[in-house]
Amino acid sequence: MTTAPQTLQMPPGRRRTSPRTRARLTRAVQYVVLAAALLAVAFLTDWSKVGEQLFDPTVAADLASRMPRGLWNTVRYTLGAFAVGLPLGAVLALMKLSSVAPYRWIATAYIEFFRGIPALLVVLSVGFAVPIAFGVNIPSMLAKASIALGVVSAAYIAETLRAGIEAVPKGQVEAARSLGMSHGRTLAQVVVPQAFRIVLPPMTNEIILLTKDTSLVFLLGMLVTEYDLTKIGRDALNSAQGGLTALFVAGACYLLITLPLGQLTRWLERRTSTKGRGK
Amino acid sequence: MSATSPAPTVVSVTGLRKSFGEREVLRGIDLDVAAGEVVCVIGPSGSGKSTLLRCVNLLEQPTSGRIDLLGVEVTDPDVDIDRVRTHVGMVFQQFNLFAHRTVLDNCTIAQRGVLRRSRAEAERVALANLERVGLADRAQAMPAQLSGGQQQRVAIARALSMDPMLMLFDEPTSALDPELVGDVLGVMRDLADAGMTMIVVTHEMAFAREVGDRVVFMDDGVVVESGPADRVIGAPTEERTRAFLQRVLDPTHQHPGA
């Protein structure tokens with residue numbers, strides 16, 4: 001038996017650019033585009049106007065004294081809403097996974113409803129419709145904000161939790177049950193701890209969205225001591241000087257809350273890693 | 001031990017049927033396993049052998065038929081199945097170690113929660129069983145840090161830590177790299193030699209022949225042939241058994257006509 005020659009015949013004619021050269025060219029083009037975009041923004045910006053209308057240092061310094069209270073109120077409203085949303089969301093998630101059909105229907109209806117309507121409407125309803133309909137007047141601003149934003153976030157949290165529970169492999173449940181562990185014990189010791197890790201990133205999203213949604217509570221009508229970050233910023237817009245500066249300062253304050261949250265999540269994720277601790 | 005009286009029956013399956021929707025996977029299975037017996041279930045994929053095993057400890061709910069396990073009728077709708085499962089160890093093809101717990105915790109979690117053993121007692125039992133499978137030195141590792149063969153041996157130690165009276169193995173070596181299969185089969189052989197009652201669903205014919213007291217060949221939801229390992233694998237009487245063994249033992253089909 002004769003063997004055919006074992007050398008690859010490259011096509012004749014002009015040599016094509018190698019994949020490596022092409023990758024290098026593409027990268028160079030991307031850097032050029034980026035640099036051009038940055039230069040364009042720098043040239044098109046009217047820096048003197050920015051200094052006086054969008055970021056006026058004297059106005060910013062003036063506002064700084066009022067910001068801590070706004071920051072604290074925003075954090076309070078967020079935590080209050082989360083304290084309502086998490087338990088309610090957990091109950092809804094369990095209802096959605098229930099073997100009792102009406103529970104599933106109720107949970108589905110709740111989630112679809114509150115996901116589907118703007119949070120603004122819910123805030124207005126809690127502030128004005130609920131007192132009329134039920135004759136109850138919720139006295140505390142914190143309670144009103146927590147209930148209004150909590151019932152909305154519960155709908156999102158329920159879906160996040162349900163997806164997390166369902167993402168735990170079925171084999172984990174089977175292993176636990178085959179060791180004689182009851183349904184409840186399996187849920188508590190095997191499913192929920194593993195779902196927690198899966199749920200961490202979307203749950204962080206949830207809290208960040210909630211933080212920003214607290215800007216809607218101004219609709220409820222507030223005392224000056226109850227002002228959140230956005231309300232303080234909006235109020236300061238009315239002063240003669242500084243243009244939009246106040247809003248930018250308020251925005252920066254939101255980052256003071258949300259950036260550490262992201263950091264906390266990454267830390268928790270590392271800590272609960274299944275690939276061994278530390279090392 | 002009981003040379004005079006016959007060994008008591010540990011598992012008794014009668015007329016077991018199981019359907020998934022329209023598809024009938026088990027079509028009338030009868031099987032008895034005596035104490036200390038090692039029964040290997042072989043057969044082509046889709047023959048229902050895994051489903052049979054999963055019906056024994058009710059991970060699958062039988063459609064009809066009766067199963068008695070350690071003297072308890074588990075097909076009784078009101079059976080306390082958690083209690084029965086405590087005495088029946090199960091080892092899965094995909095190991096199913098609890099990914100968020102260390103090797104040691106995997107072996108103690110059910111001992112403490114279900115058997116109510118103290119932490120010290122549970123850890124003593126767990127370490128003894130990890131020693132038995134040769135992994136006592138990995139007690140603090142996370143499952144993801146172990147090879148497949150090591151994970152499967154931990155899974156065996158986890159099941160043994162409950163002091164089971166019966167062990168069920170569902171294709172325990174099918175997900176392993178070939179060079180890791182031997183370690184797991186070795187542990188299982190030691191277990192059989194120590195007198196454990198075992199039902200093993202497997203494709204390892206050498207193991208079935210050497211360790212199995214009895215081999216059950218299943219195809220299409222029924223038991224086709226059952227008997228001493230040497231006879232069923234060495235000299236099968238049924239045509240379907242012969243055809244299956246031909247394919248398994250001679251996978252390269254060098255002699256398709258034989």
# chains A, B, ... in the order shown; residues from 1 in each chain; ligands from 1
call {"tool": "residues_around", "arguments": {"residues": "A:Thr58", "least_positions_apart": "3", "cutoff": "10 Å", "atoms": "only C-alpha atoms", "output": "list of chain:residue names"}}
result
A:Glu52, A:Phe55, A:Ala61, A:Asp62, A:Leu63, A:Ala64, A:Gln241, A:Gly242, A:Thr245
call {"tool": "write_last_selection", "arguments": {"atoms": "C-alpha atoms", "output": "compact mmCIF listing (two decimals), in the first residue's frame"}}
result
# COMPACT_ATOMS: atom_id res chain seq x y z
CA GLU A 52 -21.20 77.23 36.73
CA PHE A 55 -21.01 71.58 39.14
CA ALA A 61 -20.28 72.72 49.64
CA ASP A 62 -23.41 74.51 50.81
CA LEU A 63 -25.50 71.39 50.21
CA ALA A 64 -23.06 69.07 51.94
CA GLN A 241 -27.16 79.76 41.90
CA GLY A 242 -25.53 76.58 40.64
CA THR A 245 -25.47 71.14 40.65
call {"tool": "interface_residues", "arguments": {"of": "chain A", "to": "chain B", "cutoff": "8 Å", "atoms": "only C-alpha atoms", "output": "list in words"}}
result
Gly171, Gln172, Glu174, Ala175, Ala176, Arg177, Ser178, Leu179, Gly180, Met181, Ser182, Val190, Pro193, Gln194, Thr272, Ser273, Thr274, Lys275 and Gly276 of chain A
call {"tool": "write_last_selection", "arguments": {"atoms": "N, CA, C and O atoms", "output": "mmCIF file, in the first residue's frame"}}
result
data_model
loop_
_atom_site.group_PDB
_atom_site.id
_atom_site.type_symbol
_atom_site.label_atom_id
_atom_site.label_comp_id
_atom_site.auth_asym_id
_atom_site.auth_seq_id
_atom_site.Cartn_x
_atom_site.Cartn_y
_atom_site.Cartn_z
ATOM 1 N N GLY A 171 -30.528 16.477 42.167
ATOM 2 C CA GLY A 171 -29.753 15.436 42.840
ATOM 3 C C GLY A 171 -29.440 15.775 44.290
ATOM 4 O O GLY A 171 -29.324 14.885 45.127
ATOM 5 N N GLN A 172 -29.306 17.074 44.594
ATOM 6 C CA GLN A 172 -29.025 17.493 45.968
ATOM 7 C C GLN A 172 -30.197 17.133 46.874
ATOM 8 O O GLN A 172 -30.020 16.675 47.993
ATOM 9 N N GLU A 174 -32.478 14.788 46.212
ATOM 10 C CA GLU A 174 -32.602 13.329 46.271
ATOM 11 C C GLU A 174 -31.612 12.732 47.257
ATOM 12 O O GLU A 174 -31.927 11.808 48.001
ATOM 13 N N ALA A 175 -30.378 13.283 47.263
ATOM 14 C CA ALA A 175 -29.369 12.776 48.195
ATOM 15 C C ALA A 175 -29.825 13.007 49.632
ATOM 16 O O ALA A 175 -29.725 12.118 50.476
ATOM 17 N N ALA A 176 -30.343 14.205 49.904
ATOM 18 C CA ALA A 176 -30.777 14.521 51.267
ATOM 19 C C ALA A 176 -31.946 13.623 51.682
ATOM 20 O O ALA A 176 -31.951 13.056 52.775
ATOM 21 N N ARG A 177 -32.925 13.470 50.777
ATOM 22 C CA ARG A 177 -34.082 12.644 51.119
ATOM 23 C C ARG A 177 -33.670 11.196 51.308
ATOM 24 O O ARG A 177 -34.209 10.500 52.156
ATOM 25 N N SER A 178 -32.712 10.710 50.506
ATOM 26 C CA SER A 178 -32.310 9.310 50.628
ATOM 27 C C SER A 178 -31.565 9.056 51.934
ATOM 28 O O SER A 178 -31.412 7.916 52.356
ATOM 29 N N LEU A 179 -31.108 10.126 52.597
ATOM 30 C CA LEU A 179 -30.471 9.963 53.912
ATOM 31 C C LEU A 179 -31.516 10.037 55.026
ATOM 32 O O LEU A 179 -31.167 10.052 56.207
ATOM 33 N N GLY A 180 -32.775 10.129 54.653
ATOM 34 C CA GLY A 180 -33.838 10.168 55.654
ATOM 35 C C GLY A 180 -34.200 11.565 56.108
ATOM 36 O O GLY A 180 -34.967 11.739 57.047
ATOM 37 N N MET A 181 -33.613 12.587 55.470
ATOM 38 C CA MET A 181 -33.952 13.958 55.865
ATOM 39 C C MET A 181 -35.351 14.300 55.358
ATOM 40 O O MET A 181 -35.693 13.972 54.227
ATOM 41 N N SER A 182 -36.134 14.980 56.195
ATOM 42 C CA SER A 182 -37.502 15.318 55.821
ATOM 43 C C SER A 182 -37.493 16.430 54.763
ATOM 44 O O SER A 182 -36.456 17.049 54.505
ATOM 45 N N VAL A 190 -30.174 22.110 52.894
ATOM 46 C CA VAL A 190 -29.509 21.801 51.622
ATOM 47 C C VAL A 190 -29.911 22.784 50.512
ATOM 48 O O VAL A 190 -29.053 23.336 49.831
ATOM 49 N N PRO A 193 -29.503 27.136 51.599
ATOM 50 C CA PRO A 193 -28.128 27.653 51.614
ATOM 51 C C PRO A 193 -27.501 27.727 50.219
ATOM 52 O O PRO A 193 -26.738 28.641 49.933
ATOM 53 N N GLN A 194 -27.836 26.756 49.367
ATOM 54 C CA GLN A 194 -27.247 26.785 48.014
ATOM 55 C C GLN A 194 -27.970 27.791 47.132
ATOM 56 O O GLN A 194 -27.359 28.405 46.257
ATOM 57 N N THR A 272 -18.906 32.371 50.368
ATOM 58 C CA THR A 272 -19.756 31.192 50.271
ATOM 59 C C THR A 272 -19.358 30.310 49.092
ATOM 60 O O THR A 272 -20.106 29.420 48.701
ATOM 61 N N SER A 273 -18.172 30.568 48.536
ATOM 62 C CA SER A 273 -17.725 29.788 47.386
ATOM 63 C C SER A 273 -17.662 28.309 47.743
ATOM 64 O O SER A 273 -17.280 27.935 48.844
ATOM 65 N N THR A 274 -18.076 27.456 46.780
ATOM 66 C CA THR A 274 -18.014 26.015 47.026
ATOM 67 C C THR A 274 -16.663 25.450 46.633
ATOM 68 O O THR A 274 -16.408 24.273 46.777
ATOM 69 N N LYS A 275 -15.790 26.325 46.112
ATOM 70 C CA LYS A 275 -14.474 25.834 45.677
ATOM 71 C C LYS A 275 -13.441 26.001 46.778
ATOM 72 O O LYS A 275 -12.298 26.370 46.527
ATOM 73 N N GLY A 276 -13.825 25.842 48.021
ATOM 74 C CA GLY A 276 -12.870 25.976 49.113
ATOM 75 C C GLY A 276 -12.776 27.395 49.581
ATOM 76 O O GLY A 276 -12.978 28.332 48.822
#
call {"tool": "atom_distance", "arguments": {"atom1": "atom CA of B:Pro228", "atom2": "atom CA of B:Thr75"}}
result
28.4 Å
call {"tool": "select_by_dssp", "arguments": {"residues": "stretch 32-142 of chain B", "states": "strand (DSSP E or B)", "output": "ChimeraX atom specification"}}
result
/B:32-34,38-42,64-69,72-73,88-91
call {"tool": "residues_around", "arguments": {"residues": "stretch 202-206 of chain A", "least_positions_apart": "5", "cutoff": "8 Å", "atoms": "only C-alpha atoms", "output": "list of chain:residue names"}}
result
A:Ser153, A:Tyr156, A:Ile157, A:Thr160, A:Leu261, A:Gly262, A:Thr265
call {"tool": "write_last_selection", "arguments": {"atoms": "N, CA and C atoms", "output": "mmCIF file, in the first residue's frame"}}
result
data_model
loop_
_atom_site.group_PDB
_atom_site.id
_atom_site.type_symbol
_atom_site.label_atom_id
_atom_site.label_comp_id
_atom_site.auth_asym_id
_atom_site.auth_seq_id
_atom_site.Cartn_x
_atom_site.Cartn_y
_atom_site.Cartn_z
ATOM 1 N N SER A 153 -41.455 45.542 45.594
ATOM 2 C CA SER A 153 -40.219 44.757 45.475
ATOM 3 C C SER A 153 -40.479 43.294 45.800
ATOM 4 N N TYR A 156 -40.783 41.221 42.676
ATOM 5 C CA TYR A 156 -39.508 40.897 42.007
ATOM 6 C C TYR A 156 -38.710 39.899 42.834
ATOM 7 N N ILE A 157 -38.663 40.131 44.164
ATOM 8 C CA ILE A 157 -37.894 39.249 45.039
ATOM 9 C C ILE A 157 -38.440 37.823 44.985
ATOM 10 N N THR A 160 -37.094 36.116 41.963
ATOM 11 C CA THR A 160 -35.669 35.843 42.134
ATOM 12 C C THR A 160 -35.462 34.623 43.033
ATOM 13 N N LEU A 261 -22.474 48.329 48.309
ATOM 14 C CA LEU A 261 -23.352 47.157 48.213
ATOM 15 C C LEU A 261 -22.773 46.118 47.258
ATOM 16 N N GLY A 262 -22.304 46.600 46.092
ATOM 17 C CA GLY A 262 -21.694 45.698 45.126
ATOM 18 C C GLY A 262 -20.472 45.009 45.717
ATOM 19 N N THR A 265 -21.513 42.272 48.100
ATOM 20 C CA THR A 265 -21.955 41.067 47.403
ATOM 21 C C THR A 265 -20.781 40.228 46.954
#
call {"tool": "residues_around", "arguments": {"residues": "stretch 41-50 of chain B", "least_positions_apart": "5", "cutoff": "9 Å", "atoms": "only C-alpha atoms", "output": "PyMOL selection string"}}
result
chain B and resi 25-26+55+170-171+199-205+208+214-222+241+244-245
call {"tool": "closest_residue", "arguments": {"among": "B:Ile29, B:Ala122, B:Ala206, B:Ala243", "to": "B:Asp230", "atoms": "only C-alpha atoms"}}
result
B:Ala206
call {"tool": "select_by_dssp", "arguments": {"residues": "stretch 86-268 of chain A", "states": "helix (DSSP H, G or I)", "output": "PyMOL selection string"}}
result
chain A and resi 86-96+101-116+119-134+141-167+170-178+183-220+224-226+229-236+245-268
call {"tool": "atom_distance", "arguments": {"atom1": "atom CA of A:Leu97", "atom2": "atom CA of A:Ala148"}}
result
25.2 Å
call {"tool": "residues_around", "arguments": {"residues": "A:Glu166", "least_positions_apart": "3", "cutoff": "10 Å", "atoms": "only C-alpha atoms", "output": "list of chain:residue names"}}
result
A:Leu97, A:Leu161, A:Arg162, A:Ala163, A:Pro169, A:Lys170, A:Val191, A:Ala195
call {"tool": "residues_around", "arguments": {"residues": "stretch 127-138 of chain A", "least_positions_apart": "5", "cutoff": "8 Å", "atoms": "only C-alpha atoms", "output": "PyMOL selection string"}}
result
chain A and resi 143-144+219-220
call {"tool": "residues_around", "arguments": {"residues": "stretch 11-23 of chain B", "least_positions_apart": "5", "cutoff": "10 Å", "atoms": "only C-alpha atoms", "output": "PDB file with N, CA, C and O atoms, in the first residue's frame"}}
result
ATOM      1  N   GLY B  28     -44.064  -5.020  35.609  1.00  0.00           N
ATOM      2  CA  GLY B  28     -44.262  -6.220  36.414  1.00  0.00           C
ATOM      3  C   GLY B  28     -42.954  -6.842  36.842  1.00  0.00           C
ATOM      4  O   GLY B  28     -42.470  -7.783  36.219  1.00  0.00           O
ATOM      5  N   ILE B  29     -42.342  -6.281  37.889  1.00  0.00           N
ATOM      6  CA  ILE B  29     -41.047  -6.778  38.366  1.00  0.00           C
ATOM      7  C   ILE B  29     -41.254  -7.530  39.681  1.00  0.00           C
ATOM      8  O   ILE B  29     -41.948  -7.040  40.575  1.00  0.00           O
ATOM      9  N   ASP B  30     -40.673  -8.723  39.781  1.00  0.00           N
ATOM     10  CA  ASP B  30     -40.620  -9.448  41.046  1.00  0.00           C
ATOM     11  C   ASP B  30     -39.160  -9.662  41.394  1.00  0.00           C
ATOM     12  O   ASP B  30     -38.374 -10.089  40.550  1.00  0.00           O
ATOM     13  N   LEU B  31     -38.795  -9.323  42.645  1.00  0.00           N
ATOM     14  CA  LEU B  31     -37.392  -9.463  43.034  1.00  0.00           C
ATOM     15  C   LEU B  31     -37.306  -9.588  44.549  1.00  0.00           C
ATOM     16  O   LEU B  31     -37.920  -8.796  45.268  1.00  0.00           O
ATOM     17  N   ASP B  32     -36.575 -10.582  45.027  1.00  0.00           N
ATOM     18  CA  ASP B  32     -36.320 -10.733  46.457  1.00  0.00           C
ATOM     19  C   ASP B  32     -34.825 -10.665  46.692  1.00  0.00           C
ATOM     20  O   ASP B  32     -34.046 -11.206  45.914  1.00  0.00           O
ATOM     21  N   VAL B  33     -34.435  -9.944  47.755  1.00  0.00           N
ATOM     22  CA  VAL B  33     -33.025  -9.889  48.118  1.00  0.00           C
ATOM     23  C   VAL B  33     -32.898 -10.310  49.576  1.00  0.00           C
ATOM     24  O   VAL B  33     -33.572  -9.755  50.448  1.00  0.00           O
ATOM     25  N   ALA B  34     -32.022 -11.295  49.811  1.00  0.00           N
ATOM     26  CA  ALA B  34     -31.839 -11.804  51.177  1.00  0.00           C
ATOM     27  C   ALA B  34     -30.719 -11.034  51.869  1.00  0.00           C
ATOM     28  O   ALA B  34     -29.881 -10.412  51.215  1.00  0.00           O
ATOM     29  N   ALA B  35     -30.705 -11.073  53.191  1.00  0.00           N
ATOM     30  CA  ALA B  35     -29.675 -10.383  53.957  1.00  0.00           C
ATOM     31  C   ALA B  35     -28.288 -10.882  53.557  1.00  0.00           C
ATOM     32  O   ALA B  35     -28.073 -12.082  53.401  1.00  0.00           O
ATOM     33  N   GLY B  48     -34.979   0.217  32.463  1.00  0.00           N
ATOM     34  CA  GLY B  48     -35.746   0.421  33.687  1.00  0.00           C
ATOM     35  C   GLY B  48     -35.002   0.050  34.952  1.00  0.00           C
ATOM     36  O   GLY B  48     -35.561   0.122  36.044  1.00  0.00           O
ATOM     37  N   THR B  51     -34.750   2.973  37.411  1.00  0.00           N
ATOM     38  CA  THR B  51     -36.085   3.261  37.935  1.00  0.00           C
ATOM     39  C   THR B  51     -36.459   2.241  39.001  1.00  0.00           C
ATOM     40  O   THR B  51     -37.026   2.593  40.041  1.00  0.00           O
ATOM     41  N   LEU B  52     -36.130   0.976  38.755  1.00  0.00           N
ATOM     42  CA  LEU B  52     -36.391  -0.067  39.748  1.00  0.00           C
ATOM     43  C   LEU B  52     -35.716   0.286  41.073  1.00  0.00           C
ATOM     44  O   LEU B  52     -36.330   0.259  42.136  1.00  0.00           O
ATOM     45  N   CYS B  55     -37.334   3.127  42.805  1.00  0.00           N
ATOM     46  CA  CYS B  55     -38.632   2.776  43.383  1.00  0.00           C
ATOM     47  C   CYS B  55     -38.443   2.115  44.751  1.00  0.00           C
ATOM     48  O   CYS B  55     -39.284   2.248  45.633  1.00  0.00           O
ATOM     49  N   VAL B  56     -37.334   1.403  44.926  1.00  0.00           N
ATOM     50  CA  VAL B  56     -37.124   0.661  46.170  1.00  0.00           C
ATOM     51  C   VAL B  56     -37.128   1.603  47.369  1.00  0.00           C
ATOM     52  O   VAL B  56     -37.730   1.301  48.398  1.00  0.00           O
ATOM     53  N   GLU B  60     -38.825   7.299  43.346  1.00  0.00           N
ATOM     54  CA  GLU B  60     -39.913   7.293  42.371  1.00  0.00           C
ATOM     55  C   GLU B  60     -41.090   6.577  43.009  1.00  0.00           C
ATOM     56  O   GLU B  60     -40.915   5.560  43.679  1.00  0.00           O
ATOM     57  N   GLN B  61     -42.284   7.114  42.812  1.00  0.00           N
ATOM     58  CA  GLN B  61     -43.488   6.508  43.368  1.00  0.00           C
ATOM     59  C   GLN B  61     -43.977   5.423  42.403  1.00  0.00           C
ATOM     60  O   GLN B  61     -44.284   5.732  41.253  1.00  0.00           O
ATOM     61  N   PRO B  62     -44.022   4.158  42.833  1.00  0.00           N
ATOM     62  CA  PRO B  62     -44.496   3.102  41.934  1.00  0.00           C
ATOM     63  C   PRO B  62     -45.940   3.349  41.513  1.00  0.00           C
ATOM     64  O   PRO B  62     -46.721   3.919  42.261  1.00  0.00           O
ATOM     65  N   THR B  63     -46.264   2.933  40.275  1.00  0.00           N
ATOM     66  CA  THR B  63     -47.628   3.081  39.798  1.00  0.00           C
ATOM     67  C   THR B  63     -48.511   1.995  40.406  1.00  0.00           C
ATOM     68  O   THR B  63     -49.635   2.251  40.815  1.00  0.00           O
ATOM     69  N   SER B  64     -47.979   0.760  40.465  1.00  0.00           N
ATOM     70  CA  SER B  64     -48.698  -0.302  41.169  1.00  0.00           C
ATOM     71  C   SER B  64     -47.704  -1.376  41.573  1.00  0.00           C
ATOM     72  O   SER B  64     -46.548  -1.350  41.157  1.00  0.00           O
ATOM     73  N   GLY B  65     -48.157  -2.311  42.394  1.00  0.00           N
ATOM     74  CA  GLY B  65     -47.276  -3.338  42.913  1.00  0.00           C
ATOM     75  C   GLY B  65     -46.969  -3.091  44.369  1.00  0.00           C
ATOM     76  O   GLY B  65     -47.465  -2.131  44.970  1.00  0.00           O
ATOM     77  N   ARG B  66     -46.147  -3.951  44.930  1.00  0.00           N
ATOM     78  CA  ARG B  66     -45.874  -3.867  46.358  1.00  0.00           C
ATOM     79  C   ARG B  66     -44.377  -4.015  46.601  1.00  0.00           C
ATOM     80  O   ARG B  66     -43.704  -4.813  45.968  1.00  0.00           O
ATOM     81  N   ILE B  67     -43.854  -3.193  47.516  1.00  0.00           N
ATOM     82  CA  ILE B  67     -42.447  -3.299  47.904  1.00  0.00           C
ATOM     83  C   ILE B  67     -42.373  -3.375  49.419  1.00  0.00           C
ATOM     84  O   ILE B  67     -42.940  -2.537  50.120  1.00  0.00           O
ATOM     85  N   ASP B  68     -41.695  -4.403  49.916  1.00  0.00           N
ATOM     86  CA  ASP B  68     -41.441  -4.517  51.352  1.00  0.00           C
ATOM     87  C   ASP B  68     -39.952  -4.323  51.584  1.00  0.00           C
ATOM     88  O   ASP B  68     -39.131  -4.945  50.924  1.00  0.00           O
ATOM     89  N   LEU B  69     -39.644  -3.429  52.514  1.00  0.00           N
ATOM     90  CA  LEU B  69     -38.250  -3.074  52.764  1.00  0.00           C
ATOM     91  C   LEU B  69     -38.011  -3.252  54.255  1.00  0.00           C
ATOM     92  O   LEU B  69     -38.681  -2.592  55.063  1.00  0.00           O
ATOM     93  N   LEU B  70     -37.116  -4.165  54.620  1.00  0.00           N
ATOM     94  CA  LEU B  70     -36.798  -4.385  56.028  1.00  0.00           C
ATOM     95  C   LEU B  70     -38.069  -4.618  56.844  1.00  0.00           C
ATOM     96  O   LEU B  70     -38.225  -4.115  57.965  1.00  0.00           O
ATOM     97  N   GLY B  71     -39.001  -5.363  56.247  1.00  0.00           N
ATOM     98  CA  GLY B  71     -40.225  -5.721  56.954  1.00  0.00           C
ATOM     99  C   GLY B  71     -41.286  -4.644  56.957  1.00  0.00           C
ATOM    100  O   GLY B  71     -42.328  -4.804  57.598  1.00  0.00           O
ATOM    101  N   VAL B  72     -41.055  -3.518  56.260  1.00  0.00           N
ATOM    102  CA  VAL B  72     -42.048  -2.450  56.212  1.00  0.00           C
ATOM    103  C   VAL B  72     -42.576  -2.349  54.782  1.00  0.00           C
ATOM    104  O   VAL B  72     -41.795  -2.358  53.825  1.00  0.00           O
ATOM    105  N   GLU B  73     -43.900  -2.264  54.641  1.00  0.00           N
ATOM    106  CA  GLU B  73     -44.440  -2.100  53.293  1.00  0.00           C
ATOM    107  C   GLU B  73     -44.338  -0.630  52.910  1.00  0.00           C
ATOM    108  O   GLU B  73     -45.100   0.207  53.392  1.00  0.00           O
ATOM    109  N   LEU B 166     -29.033  -1.769  54.222  1.00  0.00           N
ATOM    110  CA  LEU B 166     -29.095  -2.093  52.794  1.00  0.00           C
ATOM    111  C   LEU B 166     -28.469  -0.930  52.041  1.00  0.00           C
ATOM    112  O   LEU B 166     -28.660   0.222  52.404  1.00  0.00           O
ATOM    113  N   THR B 197     -25.728  -6.021  52.578  1.00  0.00           N
ATOM    114  CA  THR B 197     -26.727  -6.336  51.556  1.00  0.00           C
ATOM    115  C   THR B 197     -26.717  -5.209  50.533  1.00  0.00           C
ATOM    116  O   THR B 197     -26.801  -4.041  50.894  1.00  0.00           O
ATOM    117  N   ILE B 199     -27.813  -3.779  46.411  1.00  0.00           N
ATOM    118  CA  ILE B 199     -28.350  -3.878  45.055  1.00  0.00           C
ATOM    119  C   ILE B 199     -27.553  -2.889  44.214  1.00  0.00           C
ATOM    120  O   ILE B 199     -27.488  -1.702  44.539  1.00  0.00           O
ATOM    121  N   GLY B 221     -38.208  -3.157  30.685  1.00  0.00           N
ATOM    122  CA  GLY B 221     -39.122  -3.097  31.824  1.00  0.00           C
ATOM    123  C   GLY B 221     -39.466  -4.424  32.470  1.00  0.00           C
ATOM    124  O   GLY B 221     -40.350  -4.466  33.323  1.00  0.00           O
ATOM    125  N   VAL B 222     -38.814  -5.507  32.053  1.00  0.00           N
ATOM    126  CA  VAL B 222     -39.058  -6.790  32.713  1.00  0.00           C
ATOM    127  C   VAL B 222     -37.733  -7.462  33.047  1.00  0.00           C
ATOM    128  O   VAL B 222     -36.698  -7.153  32.452  1.00  0.00           O
TER     129      VAL B 222
END
